[in-house]
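Here's the structure, in structure tokens; my notes come after.
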Amino acid sequence: MGMKDQFQDKSEQWQQQAKQKAQEGREQAQRGRQGQGQGPDRDRMRDEEAERLQREEQERLDPDYDM
């Protein structure tokens, strides 16, 4: 397995983890809203944070593919 494959695999793992965390955050927010009446802004902020983290990881790894 080459370096490019290793970076790609690691990137895919991080993307999956980010998606899982985002889903967990949405589920937690859903439970919180049911109990406390939380607003949709909190869900949007969590989604944006997860997407930002995913973009940062992708941008960090993209230059490594040119090796």
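For the structure tokens, the naming scheme is as follows: chains receive sequential letters (A, B, ...) according to their order of presentation, residues are indexed from 1 within each chain, and ligands are indexed from 1 in presentation order.
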Arg26 of chain A environment, 8 Å, only C-alpha atoms, sequence neighbours closer than 6 positions dropped, as a short mmCIF file (atom, residue, chain, number, x, y, z; two decimals) with C-alpha atoms, in the first residue's frame:
```cif
data_model
loop_
_atom_site.label_atom_id
_atom_site.label_comp_id
_atom_site.auth_asym_id
_atom_site.auth_seq_id
_atom_site.Cartn_x
_atom_site.Cartn_y
_atom_site.Cartn_z
CA ASP A 43 -28.41 21.70 15.35
CA ARG A 46 -23.25 21.49 15.27
CA ASP A 47 -23.68 20.60 11.60
#
```
Just want the 10 Å neighbourhood of segment 8-17 of chain A, counted on only C-alpha atoms, with same-chain residues fewer than 5 positions away dropped. Output as a PyMOL selection string. chain A and resi 2-3+22-23+50-51+53-55+57-58+60-62+64-65
Would you export the selected residues with N, CA and C atoms as a PDB file, in the first residue's frame, please?
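As a result, out.pdb now contains:
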```
ATOM      1  N   GLY A   2       0.662   2.118  -0.920  1.00  0.00           N
ATOM      2  CA  GLY A   2       1.477   3.316  -1.050  1.00  0.00           C
ATOM      3  C   GLY A   2       1.058   4.403  -0.069  1.00  0.00           C
ATOM      4  N   MET A   3       1.866   5.420  -0.017  1.00  0.00           N
ATOM      5  CA  MET A   3       1.582   6.545   0.888  1.00  0.00           C
ATOM      6  C   MET A   3       0.265   7.218   0.525  1.00  0.00           C
ATOM      7  N   ALA A  22     -21.343  14.103  13.969  1.00  0.00           N
ATOM      8  CA  ALA A  22     -22.432  15.005  13.582  1.00  0.00           C
ATOM      9  C   ALA A  22     -23.776  14.338  13.830  1.00  0.00           C
ATOM     10  N   GLN A  23     -23.880  13.064  13.484  1.00  0.00           N
ATOM     11  CA  GLN A  23     -25.130  12.334  13.699  1.00  0.00           C
ATOM     12  C   GLN A  23     -25.422  12.220  15.193  1.00  0.00           C
ATOM     13  N   ALA A  50     -19.197  20.357  12.338  1.00  0.00           N
ATOM     14  CA  ALA A  50     -18.761  19.071  11.793  1.00  0.00           C
ATOM     15  C   ALA A  50     -18.282  19.226  10.352  1.00  0.00           C
ATOM     16  N   GLU A  51     -19.004  20.002   9.563  1.00  0.00           N
ATOM     17  CA  GLU A  51     -18.606  20.230   8.177  1.00  0.00           C
ATOM     18  C   GLU A  51     -17.287  20.988   8.105  1.00  0.00           C
ATOM     19  N   LEU A  53     -14.857  20.980  10.354  1.00  0.00           N
ATOM     20  CA  LEU A  53     -13.785  20.057  10.724  1.00  0.00           C
ATOM     21  C   LEU A  53     -13.453  19.109   9.581  1.00  0.00           C
ATOM     22  N   GLN A  54     -14.474  18.632   8.908  1.00  0.00           N
ATOM     23  CA  GLN A  54     -14.260  17.726   7.787  1.00  0.00           C
ATOM     24  C   GLN A  54     -13.517  18.432   6.655  1.00  0.00           C
ATOM     25  N   ARG A  55     -13.908  19.676   6.335  1.00  0.00           N
ATOM     26  CA  ARG A  55     -13.221  20.440   5.300  1.00  0.00           C
ATOM     27  C   ARG A  55     -11.763  20.689   5.667  1.00  0.00           C
ATOM     28  N   GLU A  57      -9.802  18.893   7.582  1.00  0.00           N
ATOM     29  CA  GLU A  57      -9.048  17.651   7.445  1.00  0.00           C
ATOM     30  C   GLU A  57      -8.765  17.352   5.974  1.00  0.00           C
ATOM     31  N   GLN A  58      -9.769  17.557   5.140  1.00  0.00           N
ATOM     32  CA  GLN A  58      -9.608  17.287   3.714  1.00  0.00           C
ATOM     33  C   GLN A  58      -8.565  18.230   3.111  1.00  0.00           C
ATOM     34  N   ARG A  60      -6.164  19.678   4.650  1.00  0.00           N
ATOM     35  CA  ARG A  60      -4.863  19.357   5.209  1.00  0.00           C
ATOM     36  C   ARG A  60      -4.246  18.175   4.475  1.00  0.00           C
ATOM     37  N   LEU A  61      -5.059  17.234   4.054  1.00  0.00           N
ATOM     38  CA  LEU A  61      -4.541  16.038   3.395  1.00  0.00           C
ATOM     39  C   LEU A  61      -4.367  16.205   1.889  1.00  0.00           C
ATOM     40  N   ASP A  62      -5.118  17.075   1.262  1.00  0.00           N
ATOM     41  CA  ASP A  62      -5.038  17.225  -0.197  1.00  0.00           C
ATOM     42  C   ASP A  62      -3.625  17.493  -0.701  1.00  0.00           C
ATOM     43  N   ASP A  64      -0.921  16.471   0.431  1.00  0.00           N
ATOM     44  CA  ASP A  64      -0.131  15.257   0.601  1.00  0.00           C
ATOM     45  C   ASP A  64      -0.298  14.300  -0.573  1.00  0.00           C
ATOM     46  N   TYR A  65      -1.385  14.406  -1.287  1.00  0.00           N
ATOM     47  CA  TYR A  65      -1.616  13.512  -2.420  1.00  0.00           C
ATOM     48  C   TYR A  65      -0.653  13.786  -3.568  1.00  0.00           C
TER      49      TYR A  65
END
```
Record the distance separating atom CA of Lys19 of chain A and atom CA of Arg42 of chain A, expressed in Å with one decimal. 16.6 Å
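Relative to atom CA of Glu24 of chain A, atom CA of Asp41 of chain A is found at 16.1 Å.
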Taken to one decimal, the atom CA of Arg44 of chain A-atom CA of Glu27 of chain A distance is 12.6 Å
Nearest-residue call for Met45 of chain A, choices A:Asp5, A:Gln20, A:Gly25, A:Gln30, using only C-alpha atoms: A:Gly25
Name the residues of chain A that come out as alpha helix (DSSP H) in a backbone DSSP run; write them as a ChimeraX atom specification. /A:3-36,40-61
